[in-house]
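Colleague: If it helps, the file is called work08.cif and holds mmCIF, C-alpha atoms:
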data_entry
loop_
_atom_site.label_atom_id
_atom_site.label_comp_id
_atom_site.auth_asym_id
_atom_site.auth_seq_id
_atom_site.Cartn_x
_atom_site.Cartn_y
_atom_site.Cartn_z
CA MET S 1 0.00 0.00 0.00
CA ALA S 2 1.40 3.40 -1.02
CA ARG S 3 1.76 6.00 1.69
CA TYR S 4 3.45 9.34 2.31
CA THR S 5 6.84 8.87 3.96
CA GLU S 6 8.29 12.39 3.97
CA ALA S 7 8.28 14.86 6.89
CA VAL S 8 4.64 15.70 7.60
CA CYS S 9 5.55 19.17 8.91
CA ARG S 10 6.34 20.13 5.31
CA MET S 11 2.64 19.68 4.54
CA CYS S 12 1.64 22.33 7.06
CA ARG S 13 4.28 24.71 5.78
CA ARG S 14 3.17 24.17 2.19
CA GLU S 15 -0.45 24.95 3.05
CA GLY S 16 0.54 27.93 5.19
CA GLN S 17 -1.38 26.78 8.26
CA LYS S 18 -1.33 24.16 10.98
CA LEU S 19 -2.99 20.90 9.94
CA PHE S 20 -2.37 19.29 13.37
CA LEU S 21 -0.84 16.15 11.89
CA LYS S 22 1.57 15.34 14.75
CA GLY S 23 -0.57 15.60 17.86
CA ASP S 24 1.12 17.26 20.87
CA ARG S 25 4.02 18.60 18.82
CA CYS S 26 1.65 20.87 16.88
CA TYR S 27 0.79 22.70 20.12
CA SER S 28 4.40 23.19 21.21
CA ALA S 29 7.21 25.56 20.25
CA LYS S 30 8.74 22.70 18.23
CA CYS S 31 5.98 23.02 15.62
CA ALA S 32 7.49 23.81 12.21
CA MET S 33 4.90 26.55 11.63
CA GLU S 34 6.16 28.33 14.75
CA GLN S 35 9.74 28.30 13.48
CA ARG S 36 9.41 28.50 9.69
CA ALA S 37 5.97 29.74 8.69
CA PHE S 38 6.68 29.73 4.97
CA ALA S 39 6.50 27.16 2.20
CA PRO S 40 9.36 24.63 2.00
CA GLY S 41 11.89 24.66 -0.80
CA GLN S 42 14.37 27.08 -2.30
CA HIS S 43 11.72 29.61 -3.32
CA GLY S 44 9.41 29.13 -0.35
CA GLN S 45 9.68 32.71 0.85
CA SER S 46 9.22 34.32 -2.54
CA ARG S 47 6.14 32.67 -4.03
CA SER S 48 4.02 34.82 -6.34
CA LYS S 49 0.27 35.38 -6.18
CA THR S 50 -1.74 32.17 -6.44
CA SER S 51 -4.00 31.68 -9.47
CA GLU S 52 -7.62 30.48 -9.33
CA TYR S 53 -6.48 26.99 -10.26
CA GLY S 54 -3.80 27.20 -7.59
CA LEU S 55 -6.37 28.07 -4.92
CA GLN S 56 -8.50 25.09 -5.94
CA LEU S 57 -5.51 22.77 -5.96
CA ARG S 58 -4.33 23.93 -2.55
CA GLU S 59 -7.79 23.36 -1.07
CA LYS S 60 -7.85 19.81 -2.39
CA GLN S 61 -4.34 19.15 -1.11
CA LYS S 62 -5.25 20.56 2.29
CA ALA S 63 -8.29 18.28 2.58
CA LYS S 64 -6.23 15.24 1.53
CA ARG S 65 -3.62 16.03 4.13
CA TYR S 66 -6.08 16.60 6.94
CA TYR S 67 -7.43 13.07 6.46
CA GLY S 68 -4.11 11.47 5.43
CA LEU S 69 -5.14 10.31 1.96
CA LEU S 70 -3.37 9.90 -1.35
CA GLU S 71 -4.81 11.16 -4.62
CA SER S 72 -6.40 7.96 -5.94
CA GLN S 73 -8.29 7.29 -2.71
CA PHE S 74 -9.39 10.90 -2.36
CA HIS S 75 -10.65 10.99 -5.94
CA GLY S 76 -12.53 7.76 -5.30
CA TYR S 77 -14.35 9.42 -2.41
CA PHE S 78 -15.17 12.38 -4.66
CA GLU S 79 -16.77 10.08 -7.23
CA MET S 80 -18.73 8.42 -4.43
CA ALA S 81 -19.91 11.86 -3.26
CA GLU S 82 -21.03 12.75 -6.79
CA ARG S 83 -23.28 9.70 -6.94
CA ARG S 84 -25.07 10.62 -3.72
CA PRO S 85 -28.01 13.04 -3.68
CA GLY S 86 -27.29 16.52 -2.36
CA GLN S 87 -24.29 18.81 -2.68
CA THR S 88 -21.15 17.01 -3.78
CA GLY S 89 -18.80 19.02 -1.58
CA GLU S 90 -20.77 18.40 1.59
CA ASN S 91 -21.18 14.74 0.67
CA LEU S 92 -17.40 14.46 0.28
CA LEU S 93 -16.68 15.87 3.73
CA SER S 94 -19.38 13.66 5.24
CA ILE S 95 -17.76 10.57 3.72
CA LEU S 96 -14.31 11.57 4.95
CA GLU S 97 -15.65 12.18 8.47
CA SER S 98 -17.22 8.71 8.44
CA ARG S 99 -13.89 6.92 8.12
CA LEU S 100 -13.20 4.76 11.16
CA ASP S 101 -9.77 6.30 11.78
CA ASN S 102 -11.32 9.77 11.84
CA VAL S 103 -14.02 8.58 14.27
CA VAL S 104 -11.35 7.19 16.60
CA TYR S 105 -9.54 10.54 16.45
CA ARG S 106 -12.74 12.54 17.01
CA LEU S 107 -13.52 10.47 20.11
CA GLY S 108 -10.14 11.33 21.64
CA PHE S 109 -8.55 7.88 21.55
CA ALA S 110 -5.67 9.28 19.48
CA MET S 111 -3.82 12.59 19.33
CA SER S 112 -3.78 12.67 15.53
CA ARG S 113 -5.47 10.92 12.62
CA ALA S 114 -2.19 9.17 11.80
CA GLU S 115 -2.08 7.70 15.29
CA ALA S 116 -5.76 6.76 15.03
CA ARG S 117 -5.01 4.96 11.75
CA GLN S 118 -2.31 2.96 13.47
CA LEU S 119 -4.57 2.03 16.40
CA VAL S 120 -7.29 0.82 14.04
CA SER S 121 -4.77 -1.14 11.94
CA HIS S 122 -3.55 -2.90 15.08
CA GLY S 123 -7.09 -4.11 15.83
CA HIS S 124 -7.87 -2.15 18.99
CA PHE S 125 -11.49 -1.38 18.02
CA THR S 126 -14.67 -3.23 17.20
CA VAL S 127 -17.70 -2.16 15.18
CA ASN S 128 -20.95 -3.78 16.28
CA GLY S 129 -18.92 -6.30 18.26
CA ARG S 130 -16.65 -7.37 15.38
CA LYS S 131 -12.99 -6.42 15.13
CA VAL S 132 -12.31 -4.01 12.27
CA ASN S 133 -8.70 -3.19 11.37
CA ILE S 134 -9.39 -1.18 8.20
CA PRO S 135 -8.88 2.58 8.80
CA SER S 136 -10.95 3.49 5.73
CA TYR S 137 -13.99 1.54 6.96
CA LEU S 138 -17.03 3.83 6.65
CA VAL S 139 -19.33 3.85 9.67
CA LYS S 140 -23.10 4.34 9.33
CA PRO S 141 -25.92 5.40 11.66
CA GLY S 142 -26.70 2.66 14.17
CA MET S 143 -23.17 1.28 14.33
CA VAL S 144 -21.37 1.10 17.68
CA ILE S 145 -17.60 1.62 17.85
CA THR S 146 -15.95 0.21 20.99
CA LEU S 147 -12.42 0.05 22.35
CA LYS S 148 -11.59 -3.61 22.98
CA ASP S 149 -11.40 -4.65 26.64
CA SER S 150 -7.86 -5.92 26.15
CA SER S 151 -6.81 -2.47 24.89
CA LYS S 152 -8.29 -0.37 27.69
CA SER S 153 -5.23 -0.91 29.90
CA LEU S 154 -2.73 0.33 27.32
CA GLU S 155 -0.90 3.36 28.71
CA LYS S 156 -0.85 5.16 25.38
CA ILE S 157 -4.60 4.97 24.90
CA LYS S 158 -5.32 5.76 28.55
CA GLY S 159 -3.07 8.81 28.30
CA ASN S 160 -4.81 9.98 25.14
CA VAL S 161 -8.26 9.59 26.67
CA GLU S 162 -7.22 11.58 29.75
CA ALA S 163 -5.51 14.29 27.69
CA ASN S 164 -8.55 14.63 25.43
CA ALA S 165 -11.14 14.55 28.20
CA PHE S 166 -12.00 18.16 27.36
CA ARG S 167 -12.71 17.28 23.72
CA GLN S 168 -16.42 17.05 23.02
CA ALA S 169 -17.54 14.37 20.60
CA PRO S 170 -19.36 15.69 17.50
CA LYS S 171 -23.16 15.68 17.57
CA TRP S 172 -23.42 12.75 15.18
CA LEU S 173 -21.62 10.51 17.70
CA GLU S 174 -23.11 9.49 21.04
CA TYR S 175 -20.12 8.85 23.31
CA ASP S 176 -20.27 6.55 26.33
CA ASN S 177 -17.33 7.50 28.55
CA ASN S 178 -17.89 4.61 30.97
CA ASN S 179 -17.65 1.89 28.32
CA LEU S 180 -15.30 3.81 25.99
CA SER S 181 -17.66 3.33 23.10
CA ALA S 182 -19.74 5.48 20.78
CA LYS S 183 -22.84 5.04 18.68
CA VAL S 184 -23.25 6.69 15.29
CA VAL S 185 -26.59 8.48 15.57
CA ALA S 186 -26.58 10.43 12.30
CA VAL S 187 -24.71 11.11 9.09
CA PRO S 188 -22.08 13.85 9.66
CA ALA S 189 -23.55 17.22 8.62
CA ARG S 190 -21.50 20.14 7.31
CA GLU S 191 -22.07 22.20 10.45
CA ASP S 192 -20.58 19.34 12.51
CA ILE S 193 -17.26 19.49 10.63
CA ASP S 194 -14.99 22.17 12.06
CA LEU S 195 -12.16 21.95 9.52
CA PRO S 196 -11.46 25.15 7.52
CA ILE S 197 -12.08 23.57 4.12
CA GLU S 198 -13.84 25.34 1.26
CA GLU S 199 -15.27 22.25 -0.38
CA HIS S 200 -16.74 24.14 -3.34
CA LEU S 201 -13.19 24.81 -4.57
CA ILE S 202 -12.50 21.05 -4.64
CA VAL S 203 -15.69 20.48 -6.64
CA GLU S 204 -14.68 23.21 -9.09
CA LEU S 205 -11.24 21.65 -9.51
CA TYR S 206 -12.55 18.17 -10.31
CA SER S 207 -15.24 19.62 -12.58
CA LYS S 208 -12.71 21.11 -15.02
#
So, in terms of structure tokens, how does the structure I just supplied come out?
Modeller:
Amino acid sequence: MARYTEAVCRMCRREGQKLFLKGDRCYSAKCAMEQRAFAPGQHGQSRSKTSEYGLQLREKQKAKRYYGLLESQFHGYFEMAERRPGQTGENLLSILESRLDNVVYRLGFAMSRAEARQLVSHGHFTVNGRKVNIPSYLVKPGMVITLKDSSKSLEKIKGNVEANAFRQAPKWLEYDNNNLSAKVVAVPAREDIDLPIEEHLIVELYSK
């Protein structure tokens, strides 16, 4: 499986904003955006004005990087969103939010989506009582995501849960703090997604 193996801090610098891809580090003085808040590369500090196409491309790249996807997978989600009724851009974000690794991150079990992807891949979660180790698994209303009993004693997960105790689960997830589980009660709506993404620019880009 292809995956990005370069320094993820370069992604934030290229987009000109924090994407919070490295958990705690993004909130510290070690964050690359705190030290070098300009695009990477030889000409990073002297880039010219961005064209309309450039704005659309950057928005797509930003969305891909938030959710940790490569182009082929992201485009596949876009085609899925086009086939659904409603606005394509909002459908796309709803699909991305429904990924199991994103749900694990939203619930506070991980400090970043990359860490959530790893936890899912290692089989720490069940969906409706069955182990699911596919980060791209799309959850639907009625499904229950639960941290396995054997994983509740892991120091890393316990530390994440305690550190993220202040984080409120989105409205479309009903979180049970006692059992470390959550039920999907609705399809993610646009107002439930707090990421600064202008999805209409992505739709315009793919519509060319």
Colleague: Can you list, as an MDAnalysis selection string, the residues that the PyMOL selection byres ((chain S and resi 149-157) around 8) selects here?
Modeller: chainID S and resid 109:110 124 147:148 158:161
Colleague: Let me see the file: selected residues, C-alpha atoms, as a PDB file, in the frame of the given file.
Modeller:
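What follows is the written file result-v6.pdb:
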ATOM      1  CA  PHE S 109      -8.550   7.880  21.550  1.00  0.00           C
ATOM      2  CA  ALA S 110      -5.670   9.280  19.480  1.00  0.00           C
ATOM      3  CA  HIS S 124      -7.870  -2.150  18.990  1.00  0.00           C
ATOM      4  CA  LEU S 147     -12.420   0.050  22.350  1.00  0.00           C
ATOM      5  CA  LYS S 148     -11.590  -3.610  22.980  1.00  0.00           C
ATOM      6  CA  LYS S 158      -5.320   5.760  28.550  1.00  0.00           C
ATOM      7  CA  GLY S 159      -3.070   8.810  28.300  1.00  0.00           C
ATOM      8  CA  ASN S 160      -4.810   9.980  25.140  1.00  0.00           C
ATOM      9  CA  VAL S 161      -8.260   9.590  26.670  1.00  0.00           C
TER      10      VAL S 161
END
Colleague: Under the rule that all atoms listed in the file are counted, which of S:Ala169, S:Leu195, S:Pro188, S:Gly108 is the nearest residue to S:Lys62?
Modeller: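 Result for the nearest residue to S:Lys62: S:Leu195.
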Colleague: Find the distance between atom CA of S:Ile145 and atom CA of S:Gly76 and write it in Å to one decimal.
Modeller: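 Distance reported for this atom pair: 24.5 Å.
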Colleague: Between atom CA of S:Leu107 and atom CA of S:Glu82, what distance in Å does the model show, to one decimal?
Modeller: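 About the pair atom CA of S:Leu107 and atom CA of S:Glu82: they are 28.0 Å apart.
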Colleague: Run through the PyMOL selection byres ((chain S and resi 93) around 12) on the given coordinates and return the selected residues as JSON, numbers by chain.
Modeller: {"S": [60, 63, 64, 66, 67, 74, 77, 78, 80, 81, 82, 87, 88, 89, 90, 91, 92, 94, 95, 96, 97, 98, 99, 102, 187, 188, 189, 190, 191, 192, 193, 194, 195, 196, 197, 198, 199, 200, 202, 203]}
Colleague: For atom CA of S:Arg117 and atom CA of S:Leu205, quote the distance in Å rounded to one decimal.
Modeller: 27.7 Å
Colleague: For the file shown, report as a VMD selection string the outcome of the PyMOL selection byres ((chain S and resi 174) around 7) at residue level.
Modeller: chain S and resid 172 to 173 175 to 176 182 to 185
